[in-house]
Amino acid sequence: MPHKVTKDIADYIVPLNINGLDGRMLRMPAPPKKNAELLFIYGHHSSIERWWGMMQVLNRYGAVTMPDLPGFGGMDSFYKIGKKPTIDNLADYLAAFIKLRYRRKKVAIAGMSFGFVIVTRMLQRYPELSKKVTLLVSIVGFAHKDDFTFSKPRYYGYLYGCYLLSHQPAAAVFRYTALNTTLLRTFYGRTHNAKHKFAEANSKEAYDQLMDMEVRLWHDNDVRTWAYTCTQFLKFDNCKVKVQLPVWHVSVEADNYFDNRVVEQHMRIAFSDFHDVPIAVKNHAPSVVADAKSAAVLLPPKLRRALSRLQ
């Protein structure tokens, strides 16, 4: 039987402070007879609440932890302490968190999309931490800028647009104009990258619930951090240092962002071994309001068996 948890996510959220940055952390204790530790790193345009359904699924296999990332989910951004949200700085933050949280423990790590980019860079910069990892999971992660399927005009439009928004005052203007609640509710669902998200909303109630979460995500995520990290992953290369761990990679057959064949080529360069676990879903990720049942698709049977063997 599935492990029973309370329905209120607030029961599992605690304050988090690292290097002067205040955020939050979700911590779910292990179910009976399970001793494994699992760490989930969410991706871009995200928050703890956005992945509540996924946490309920992962909790069946052990204790689950999900920290905020600086600048995301309402956490203070690196700009507060005079740093930029580079992939290297995010990797250093994650390494510090793991050293504090899992000082004498081993842990399985799952990174979602851009979250896996950060996990990879952390393991490249701190190879000694690989010894603590019992299982490494990429959930629609990527390893190189060439993994994207964007056309050149779209790619450079995103790159230069995000470069502009990573500076003040452009970020402030964008936050209080384009991200105005009324404008978001009116126009966001019609934008190129959002259309596929709202296509599955089969009722006004479902649409409104989805829009409520999207508005919250846009407001909780720091604009400059969101934009600067976009410029980072549109230019990055995680294939320069091999991580001495096998990776389990959940790939989406109809991914609207990545070429899975190119992703696999780069993953095989970046890791000592590669296990592809394809799933047949329509989008890069489940709905931002996905419950446990909907989020469970990201853990296909082969991966669930690997998780069940964790100690």
# chains A, B, ... in the order shown; residues from 1 in each chain; ligands from 1

$ residues_around --residues "Gly82 (chain A)" --least-positions-apart "3" --cutoff "12 Å" --atoms "only C-alpha atoms" --output "PyMOL selection string"
chain A and resi 19-21+76-79+85+89

$ select_by_dssp --residues "region 95-208 of chain A" --states "strand (DSSP E)" --output "count of residues only"
13

$ select_by_dssp --residues "region 162-297 of chain A" --states "helix (DSSP H, G or I)" --output "PyMOL selection string"
chain A and resi 162-165+170-176+181-190+195-198+204-220+223-233+260-270+292-297

$ write_last_selection --atoms "C-alpha atoms" --output "PDB file, in the first residue's frame"
ATOM      1  CA  CYS A 162      16.951  37.171 -21.233  1.00  0.00           C
ATOM      2  CA  TYR A 163      20.307  38.952 -21.225  1.00  0.00           C
ATOM      3  CA  LEU A 164      18.411  42.269 -21.211  1.00  0.00           C
ATOM      4  CA  LEU A 165      16.071  41.144 -18.409  1.00  0.00           C
ATOM      5  CA  ALA A 170      14.726  46.177 -17.248  1.00  0.00           C
ATOM      6  CA  ALA A 171      13.915  43.389 -14.769  1.00  0.00           C
ATOM      7  CA  ALA A 172      11.930  45.764 -12.559  1.00  0.00           C
ATOM      8  CA  VAL A 173       9.982  47.151 -15.509  1.00  0.00           C
ATOM      9  CA  PHE A 174       9.208  43.611 -16.691  1.00  0.00           C
ATOM     10  CA  ARG A 175       8.121  42.529 -13.198  1.00  0.00           C
ATOM     11  CA  TYR A 176       5.630  45.356 -12.743  1.00  0.00           C
ATOM     12  CA  THR A 181      -1.486  39.764 -12.443  1.00  0.00           C
ATOM     13  CA  THR A 182      -4.204  41.026 -14.793  1.00  0.00           C
ATOM     14  CA  LEU A 183      -1.914  40.921 -17.829  1.00  0.00           C
ATOM     15  CA  LEU A 184      -0.674  37.439 -16.952  1.00  0.00           C
ATOM     16  CA  ARG A 185      -4.196  36.105 -16.616  1.00  0.00           C
ATOM     17  CA  THR A 186      -5.202  37.727 -19.913  1.00  0.00           C
ATOM     18  CA  PHE A 187      -2.272  36.923 -22.169  1.00  0.00           C
ATOM     19  CA  TYR A 188       0.075  34.311 -20.676  1.00  0.00           C
ATOM     20  CA  GLY A 189      -1.980  31.298 -21.787  1.00  0.00           C
ATOM     21  CA  ARG A 190      -1.653  32.450 -25.412  1.00  0.00           C
ATOM     22  CA  LYS A 195       0.024  27.056 -25.001  1.00  0.00           C
ATOM     23  CA  HIS A 196       0.980  23.410 -24.429  1.00  0.00           C
ATOM     24  CA  LYS A 197       0.581  23.847 -20.669  1.00  0.00           C
ATOM     25  CA  PHE A 198      -2.995  25.041 -20.933  1.00  0.00           C
ATOM     26  CA  LYS A 204     -12.712  26.490 -16.639  1.00  0.00           C
ATOM     27  CA  GLU A 205     -11.959  25.282 -13.114  1.00  0.00           C
ATOM     28  CA  ALA A 206      -8.870  23.401 -14.304  1.00  0.00           C
ATOM     29  CA  TYR A 207      -7.746  26.400 -16.367  1.00  0.00           C
ATOM     30  CA  ASP A 208      -8.156  28.785 -13.445  1.00  0.00           C
ATOM     31  CA  GLN A 209      -6.291  26.467 -11.082  1.00  0.00           C
ATOM     32  CA  LEU A 210      -3.436  26.200 -13.563  1.00  0.00           C
ATOM     33  CA  MET A 211      -3.345  29.956 -14.089  1.00  0.00           C
ATOM     34  CA  ASP A 212      -3.312  30.604 -10.329  1.00  0.00           C
ATOM     35  CA  MET A 213      -0.161  28.484  -9.982  1.00  0.00           C
ATOM     36  CA  GLU A 214       1.508  30.080 -12.998  1.00  0.00           C
ATOM     37  CA  VAL A 215       0.891  33.570 -11.609  1.00  0.00           C
ATOM     38  CA  ARG A 216       2.325  32.474  -8.272  1.00  0.00           C
ATOM     39  CA  LEU A 217       5.418  31.006  -9.937  1.00  0.00           C
ATOM     40  CA  TRP A 218       6.089  34.154 -11.951  1.00  0.00           C
ATOM     41  CA  HIS A 219       5.741  36.286  -8.833  1.00  0.00           C
ATOM     42  CA  ASP A 220       7.764  34.011  -6.522  1.00  0.00           C
ATOM     43  CA  VAL A 223      13.080  38.026 -12.537  1.00  0.00           C
ATOM     44  CA  ARG A 224      16.817  38.682 -12.759  1.00  0.00           C
ATOM     45  CA  THR A 225      17.607  35.157 -11.556  1.00  0.00           C
ATOM     46  CA  TRP A 226      15.112  33.629 -13.973  1.00  0.00           C
ATOM     47  CA  ALA A 227      16.562  35.602 -16.887  1.00  0.00           C
ATOM     48  CA  TYR A 228      20.239  35.173 -16.017  1.00  0.00           C
ATOM     49  CA  THR A 229      19.899  31.412 -15.544  1.00  0.00           C
ATOM     50  CA  CYS A 230      18.242  31.268 -18.971  1.00  0.00           C
ATOM     51  CA  THR A 231      21.329  32.853 -20.515  1.00  0.00           C
ATOM     52  CA  GLN A 232      23.441  30.349 -18.599  1.00  0.00           C
ATOM     53  CA  PHE A 233      21.766  27.191 -19.828  1.00  0.00           C
ATOM     54  CA  ASN A 260      16.580  13.059 -27.031  1.00  0.00           C
ATOM     55  CA  ARG A 261      19.221  11.564 -29.314  1.00  0.00           C
ATOM     56  CA  VAL A 262      21.515  14.533 -28.789  1.00  0.00           C
ATOM     57  CA  VAL A 263      20.809  14.538 -25.045  1.00  0.00           C
ATOM     58  CA  GLU A 264      21.861  10.880 -24.842  1.00  0.00           C
ATOM     59  CA  GLN A 265      25.078  11.554 -26.754  1.00  0.00           C
ATOM     60  CA  HIS A 266      26.037  14.292 -24.321  1.00  0.00           C
ATOM     61  CA  MET A 267      24.965  12.312 -21.246  1.00  0.00           C
ATOM     62  CA  ARG A 268      27.190   9.431 -22.305  1.00  0.00           C
ATOM     63  CA  ILE A 269      30.114  11.846 -22.466  1.00  0.00           C
ATOM     64  CA  ALA A 270      29.327  13.417 -19.087  1.00  0.00           C
ATOM     65  CA  ALA A 292       0.665  12.456  -7.098  1.00  0.00           C
ATOM     66  CA  LYS A 293      -1.168  10.360  -9.691  1.00  0.00           C
ATOM     67  CA  SER A 294      -0.205  12.691 -12.545  1.00  0.00           C
ATOM     68  CA  ALA A 295       3.386  13.156 -11.353  1.00  0.00           C
ATOM     69  CA  ALA A 296       3.941   9.399 -11.000  1.00  0.00           C
ATOM     70  CA  VAL A 297       4.349   9.113 -14.778  1.00  0.00           C
TER      71      VAL A 297
END

$ closest_residue --among "A:Asn283, A:Leu38, A:Leu100, A:Phe114" --to "Ala199 (chain A)" --atoms "only C-alpha atoms"
A:Asn283

$ residues_around --residues "Asp8 (chain A)" --least-positions-apart "5" --cutoff "12 Å" --atoms "only C-alpha atoms" --output "JSON list (two decimals) with C-alpha atoms, in the first residue's frame"
[["chain", "number", "residue", "atom", "x", "y", "z"],
["A", 13, "ILE", "CA", 8.01, 22.86, 5.04],
["A", 26, "LEU", "CA", 10.43, 20.47, 2.27],
["A", 28, "MET", "CA", 9.15, 14.31, 4.51],
["A", 49, "GLU", "CA", 4.53, 23.82, -4.12],
["A", 52, "TRP", "CA", 4.23, 18.57, -4.08],
["A", 53, "GLY", "CA", 2.65, 15.72, -6.07],
["A", 56, "GLN", "CA", 4.36, 12.32, -2.36]]

$ atom_distance --atom1 "CA of Asp22 (chain A)" --atom2 "CA of Met75 (chain A)"
5.8 Å

$ atom_distance --atom1 "CA of Arg121 (chain A)" --atom2 "CA of Val14 (chain A)"
26.4 Å

$ residues_around --residues "Ala285 (chain A)" --least-positions-apart "2" --cutoff "9 Å" --atoms "only C-alpha atoms" --output "list in words"
Met112, Ser113, Ile139, Val140, Val252, Asp255, Val281, Lys282, Asn283, Ser287, Val288, Ala295 and Leu298 of chain A

$ closest_residue --among "A:Ile9, A:Met25, A:Ala143, A:Leu135" --to "Arg304 (chain A)" --atoms "only C-alpha atoms"
A:Leu135

$ residues_around --residues "Phe258 (chain A)" --least-positions-apart "5" --cutoff "10 Å" --atoms "only C-alpha atoms" --output "PDB file with N, CA and C atoms, in the first residue's frame"
ATOM      1  N   VAL A 140      14.114  14.383 -17.364  1.00  0.00           N
ATOM      2  CA  VAL A 140      14.178  15.264 -18.535  1.00  0.00           C
ATOM      3  C   VAL A 140      15.291  16.299 -18.377  1.00  0.00           C
ATOM      4  N   GLY A 141      16.430  15.859 -17.862  1.00  0.00           N
ATOM      5  CA  GLY A 141      17.579  16.741 -17.733  1.00  0.00           C
ATOM      6  C   GLY A 141      18.305  16.904 -19.058  1.00  0.00           C
ATOM      7  N   PHE A 142      19.341  17.725 -19.055  1.00  0.00           N
ATOM      8  CA  PHE A 142      20.125  17.941 -20.272  1.00  0.00           C
ATOM      9  C   PHE A 142      21.552  18.259 -19.876  1.00  0.00           C
ATOM     10  N   LYS A 145      24.115  22.913 -24.344  1.00  0.00           N
ATOM     11  CA  LYS A 145      23.226  23.880 -24.995  1.00  0.00           C
ATOM     12  C   LYS A 145      22.680  23.364 -26.315  1.00  0.00           C
ATOM     13  N   ASP A 146      23.412  22.475 -26.978  1.00  0.00           N
ATOM     14  CA  ASP A 146      22.963  21.954 -28.271  1.00  0.00           C
ATOM     15  C   ASP A 146      21.859  20.913 -28.140  1.00  0.00           C
ATOM     16  N   ASP A 147      21.478  20.582 -26.922  1.00  0.00           N
ATOM     17  CA  ASP A 147      20.366  19.647 -26.717  1.00  0.00           C
ATOM     18  C   ASP A 147      19.021  20.276 -27.085  1.00  0.00           C
ATOM     19  N   PHE A 148      18.944  21.608 -27.074  1.00  0.00           N
ATOM     20  CA  PHE A 148      17.689  22.283 -27.390  1.00  0.00           C
ATOM     21  C   PHE A 148      17.339  22.153 -28.868  1.00  0.00           C
ATOM     22  N   THR A 149      16.055  22.165 -29.153  1.00  0.00           N
ATOM     23  CA  THR A 149      15.582  22.063 -30.536  1.00  0.00           C
ATOM     24  C   THR A 149      15.109  23.408 -31.083  1.00  0.00           C
ATOM     25  N   PHE A 150      15.431  24.504 -30.404  1.00  0.00           N
ATOM     26  CA  PHE A 150      14.987  25.813 -30.849  1.00  0.00           C
ATOM     27  C   PHE A 150      15.567  26.157 -32.218  1.00  0.00           C
ATOM     28  N   SER A 251      13.438  10.212 -20.175  1.00  0.00           N
ATOM     29  CA  SER A 251      13.255  11.035 -21.368  1.00  0.00           C
ATOM     30  C   SER A 251      11.805  10.997 -21.816  1.00  0.00           C
ATOM     31  N   VAL A 252      11.333  12.125 -22.321  1.00  0.00           N
ATOM     32  CA  VAL A 252       9.958  12.246 -22.810  1.00  0.00           C
ATOM     33  C   VAL A 252       9.979  12.115 -24.322  1.00  0.00           C
ATOM     34  N   GLU A 253       9.227  11.168 -24.837  1.00  0.00           N
ATOM     35  CA  GLU A 253       9.261  10.885 -26.271  1.00  0.00           C
ATOM     36  C   GLU A 253       8.848  12.086 -27.110  1.00  0.00           C
ATOM     37  N   VAL A 263      20.674  14.584 -26.502  1.00  0.00           N
ATOM     38  CA  VAL A 263      20.809  14.538 -25.045  1.00  0.00           C
ATOM     39  C   VAL A 263      21.557  13.278 -24.634  1.00  0.00           C
ATOM     40  N   HIS A 284       7.112  18.294 -21.885  1.00  0.00           N
ATOM     41  CA  HIS A 284       8.385  18.195 -21.190  1.00  0.00           C
ATOM     42  C   HIS A 284       8.211  17.841 -19.723  1.00  0.00           C
TER      43      HIS A 284
END

$ residues_around --residues "Met122 (chain A)" --least-positions-apart "2" --cutoff "10 Å" --atoms "only C-alpha atoms" --output "short mmCIF file (atom, residue, chain, number, x, y, z; two decimals) with N, CA and C atoms, in the first residue's frame"
data_model
loop_
_atom_site.label_atom_id
_atom_site.label_comp_id
_atom_site.auth_asym_id
_atom_site.auth_seq_id
_atom_site.Cartn_x
_atom_site.Cartn_y
_atom_site.Cartn_z
N ILE A 87 25.66 28.93 -13.01
CA ILE A 87 25.54 27.49 -12.74
C ILE A 87 26.56 27.07 -11.70
N ASP A 88 27.75 27.63 -11.76
CA ASP A 88 28.79 27.30 -10.77
C ASP A 88 28.35 27.70 -9.36
N ASN A 89 27.79 28.89 -9.21
CA ASN A 89 27.35 29.34 -7.88
C ASN A 89 26.18 28.51 -7.36
N LEU A 90 25.27 28.13 -8.24
CA LEU A 90 24.18 27.25 -7.84
C LEU A 90 24.70 25.88 -7.45
N ALA A 91 25.72 25.40 -8.16
CA ALA A 91 26.33 24.11 -7.83
C ALA A 91 27.02 24.18 -6.47
N ASP A 92 27.69 25.29 -6.19
CA ASP A 92 28.34 25.45 -4.89
C ASP A 92 27.31 25.49 -3.76
N TYR A 93 26.20 26.17 -4.01
CA TYR A 93 25.11 26.21 -3.02
C TYR A 93 24.60 24.80 -2.74
N LEU A 94 24.38 24.02 -3.80
CA LEU A 94 23.87 22.66 -3.63
C LEU A 94 24.87 21.79 -2.89
N ALA A 95 26.15 21.94 -3.19
CA ALA A 95 27.18 21.17 -2.49
C ALA A 95 27.18 21.51 -1.00
N ALA A 96 27.05 22.80 -0.68
CA ALA A 96 27.01 23.20 0.72
C ALA A 96 25.80 22.60 1.42
N PHE A 116 18.82 19.25 -12.91
CA PHE A 116 19.84 18.24 -13.16
C PHE A 116 21.12 18.87 -13.71
N VAL A 117 20.99 19.97 -14.41
CA VAL A 117 22.18 20.71 -14.85
C VAL A 117 23.00 21.14 -13.64
N ILE A 118 22.32 21.63 -12.62
CA ILE A 118 23.00 22.07 -11.38
C ILE A 118 23.62 20.87 -10.67
N VAL A 119 22.88 19.77 -10.59
CA VAL A 119 23.40 18.56 -9.94
C VAL A 119 24.66 18.09 -10.65
N THR A 120 24.64 18.05 -11.96
CA THR A 120 25.81 17.61 -12.74
C THR A 120 27.01 18.49 -12.46
N GLN A 124 30.70 17.61 -10.77
CA GLN A 124 31.94 17.89 -11.49
C GLN A 124 32.88 18.76 -10.66
N ARG A 125 32.33 19.70 -9.91
CA ARG A 125 33.14 20.58 -9.10
C ARG A 125 33.53 19.96 -7.76
N TYR A 126 32.72 19.01 -7.29
CA TYR A 126 32.98 18.34 -6.02
C TYR A 126 32.91 16.82 -6.21
N PRO A 127 33.86 16.25 -6.94
CA PRO A 127 33.80 14.81 -7.27
C PRO A 127 33.76 13.91 -6.04
N LEU A 129 31.84 14.13 -3.63
CA LEU A 129 30.44 13.92 -3.24
C LEU A 129 29.80 12.76 -4.00
N SER A 130 30.42 12.33 -5.09
CA SER A 130 29.89 11.19 -5.84
C SER A 130 29.83 9.94 -4.97
N VAL A 243 31.61 12.63 -14.87
CA VAL A 243 31.17 12.26 -13.53
C VAL A 243 31.23 10.74 -13.42
#

$ atom_distance --atom1 "CA of Arg154 (chain A)" --atom2 "CA of Asn256 (chain A)"
13.5 Å

$ decode --residues "region 80-166 of chain A" --atoms "C-alpha atoms" --output "PDB file, in the first residue's frame"
ATOM      1  CA  LYS A  80      21.352  39.899  -2.227  1.00  0.00           C
ATOM      2  CA  ILE A  81      24.907  38.821  -1.343  1.00  0.00           C
ATOM      3  CA  GLY A  82      26.585  40.359  -4.366  1.00  0.00           C
ATOM      4  CA  LYS A  83      26.787  37.235  -6.519  1.00  0.00           C
ATOM      5  CA  LYS A  84      25.279  36.235  -9.849  1.00  0.00           C
ATOM      6  CA  PRO A  85      23.151  33.079 -10.254  1.00  0.00           C
ATOM      7  CA  THR A  86      25.701  31.256 -12.373  1.00  0.00           C
ATOM      8  CA  ILE A  87      25.541  27.490 -12.741  1.00  0.00           C
ATOM      9  CA  ASP A  88      28.785  27.298 -10.771  1.00  0.00           C
ATOM     10  CA  ASN A  89      27.346  29.341  -7.880  1.00  0.00           C
ATOM     11  CA  LEU A  90      24.176  27.254  -7.844  1.00  0.00           C
ATOM     12  CA  ALA A  91      26.333  24.110  -7.830  1.00  0.00           C
ATOM     13  CA  ASP A  92      28.344  25.454  -4.891  1.00  0.00           C
ATOM     14  CA  TYR A  93      25.112  26.214  -3.021  1.00  0.00           C
ATOM     15  CA  LEU A  94      23.866  22.665  -3.627  1.00  0.00           C
ATOM     16  CA  ALA A  95      27.183  21.172  -2.490  1.00  0.00           C
ATOM     17  CA  ALA A  96      27.011  23.202   0.725  1.00  0.00           C
ATOM     18  CA  PHE A  97      23.451  22.009   1.318  1.00  0.00           C
ATOM     19  CA  ILE A  98      24.403  18.354   0.821  1.00  0.00           C
ATOM     20  CA  LYS A  99      27.410  18.628   3.110  1.00  0.00           C
ATOM     21  CA  LEU A 100      25.221  20.099   5.841  1.00  0.00           C
ATOM     22  CA  ARG A 101      22.156  17.921   5.360  1.00  0.00           C
ATOM     23  CA  TYR A 102      23.843  14.565   4.634  1.00  0.00           C
ATOM     24  CA  ARG A 103      27.038  14.835   6.621  1.00  0.00           C
ATOM     25  CA  ARG A 104      27.135  11.155   7.560  1.00  0.00           C
ATOM     26  CA  LYS A 105      24.544   9.791   5.151  1.00  0.00           C
ATOM     27  CA  LYS A 106      24.316   8.653   1.561  1.00  0.00           C
ATOM     28  CA  VAL A 107      21.597   9.978  -0.686  1.00  0.00           C
ATOM     29  CA  ALA A 108      19.826   9.336  -3.981  1.00  0.00           C
ATOM     30  CA  ILE A 109      19.593  12.527  -6.059  1.00  0.00           C
ATOM     31  CA  ALA A 110      16.991  13.359  -8.695  1.00  0.00           C
ATOM     32  CA  GLY A 111      17.278  16.561 -10.711  1.00  0.00           C
ATOM     33  CA  MET A 112      14.401  17.933 -12.767  1.00  0.00           C
ATOM     34  CA  SER A 113      15.410  19.532 -16.088  1.00  0.00           C
ATOM     35  CA  PHE A 114      17.595  22.561 -15.182  1.00  0.00           C
ATOM     36  CA  GLY A 115      17.869  21.123 -11.683  1.00  0.00           C
ATOM     37  CA  PHE A 116      19.845  18.241 -13.156  1.00  0.00           C
ATOM     38  CA  VAL A 117      22.179  20.713 -14.854  1.00  0.00           C
ATOM     39  CA  ILE A 118      22.997  22.069 -11.383  1.00  0.00           C
ATOM     40  CA  VAL A 119      23.398  18.563  -9.944  1.00  0.00           C
ATOM     41  CA  THR A 120      25.807  17.614 -12.736  1.00  0.00           C
ATOM     42  CA  ARG A 121      27.935  20.715 -12.305  1.00  0.00           C
ATOM     43  CA  MET A 122      28.040  20.131  -8.537  1.00  0.00           C
ATOM     44  CA  LEU A 123      29.360  16.584  -9.026  1.00  0.00           C
ATOM     45  CA  GLN A 124      31.937  17.894 -11.494  1.00  0.00           C
ATOM     46  CA  ARG A 125      33.144  20.584  -9.096  1.00  0.00           C
ATOM     47  CA  TYR A 126      32.983  18.337  -6.016  1.00  0.00           C
ATOM     48  CA  PRO A 127      33.795  14.810  -7.267  1.00  0.00           C
ATOM     49  CA  GLU A 128      34.212  13.570  -3.684  1.00  0.00           C
ATOM     50  CA  LEU A 129      30.444  13.915  -3.242  1.00  0.00           C
ATOM     51  CA  SER A 130      29.893  11.191  -5.840  1.00  0.00           C
ATOM     52  CA  LYS A 131      30.754   8.684  -3.119  1.00  0.00           C
ATOM     53  CA  LYS A 132      27.642   9.762  -1.197  1.00  0.00           C
ATOM     54  CA  VAL A 133      25.268   9.192  -4.142  1.00  0.00           C
ATOM     55  CA  THR A 134      23.353   5.904  -4.133  1.00  0.00           C
ATOM     56  CA  LEU A 135      21.335   6.646  -7.284  1.00  0.00           C
ATOM     57  CA  LEU A 136      21.517   9.526  -9.763  1.00  0.00           C
ATOM     58  CA  VAL A 137      18.366  10.360 -11.698  1.00  0.00           C
ATOM     59  CA  SER A 138      17.875  12.863 -14.503  1.00  0.00           C
ATOM     60  CA  ILE A 139      14.225  13.697 -15.057  1.00  0.00           C
ATOM     61  CA  VAL A 140      14.178  15.264 -18.535  1.00  0.00           C
ATOM     62  CA  GLY A 141      17.579  16.741 -17.733  1.00  0.00           C
ATOM     63  CA  PHE A 142      20.125  17.941 -20.272  1.00  0.00           C
ATOM     64  CA  ALA A 143      23.882  18.348 -20.522  1.00  0.00           C
ATOM     65  CA  HIS A 144      24.683  20.796 -23.315  1.00  0.00           C
ATOM     66  CA  LYS A 145      23.226  23.880 -24.995  1.00  0.00           C
ATOM     67  CA  ASP A 146      22.963  21.954 -28.271  1.00  0.00           C
ATOM     68  CA  ASP A 147      20.366  19.647 -26.717  1.00  0.00           C
ATOM     69  CA  PHE A 148      17.689  22.283 -27.390  1.00  0.00           C
ATOM     70  CA  THR A 149      15.582  22.063 -30.536  1.00  0.00           C
ATOM     71  CA  PHE A 150      14.987  25.813 -30.849  1.00  0.00           C
ATOM     72  CA  SER A 151      15.322  27.417 -34.270  1.00  0.00           C
ATOM     73  CA  LYS A 152      18.177  29.914 -34.532  1.00  0.00           C
ATOM     74  CA  PRO A 153      15.856  32.978 -34.473  1.00  0.00           C
ATOM     75  CA  ARG A 154      14.054  31.646 -31.376  1.00  0.00           C
ATOM     76  CA  TYR A 155      17.326  30.668 -29.687  1.00  0.00           C
ATOM     77  CA  TYR A 156      18.906  34.091 -30.146  1.00  0.00           C
ATOM     78  CA  GLY A 157      15.638  35.825 -29.299  1.00  0.00           C
ATOM     79  CA  TYR A 158      15.575  34.008 -25.949  1.00  0.00           C
ATOM     80  CA  LEU A 159      19.281  34.557 -25.344  1.00  0.00           C
ATOM     81  CA  TYR A 160      19.364  38.304 -25.970  1.00  0.00           C
ATOM     82  CA  GLY A 161      15.927  38.919 -24.442  1.00  0.00           C
ATOM     83  CA  CYS A 162      16.951  37.171 -21.233  1.00  0.00           C
ATOM     84  CA  TYR A 163      20.307  38.952 -21.225  1.00  0.00           C
ATOM     85  CA  LEU A 164      18.411  42.269 -21.211  1.00  0.00           C
ATOM     86  CA  LEU A 165      16.071  41.144 -18.409  1.00  0.00           C
ATOM     87  CA  SER A 166      18.980  40.003 -16.261  1.00  0.00           C
TER      88      SER A 166
END
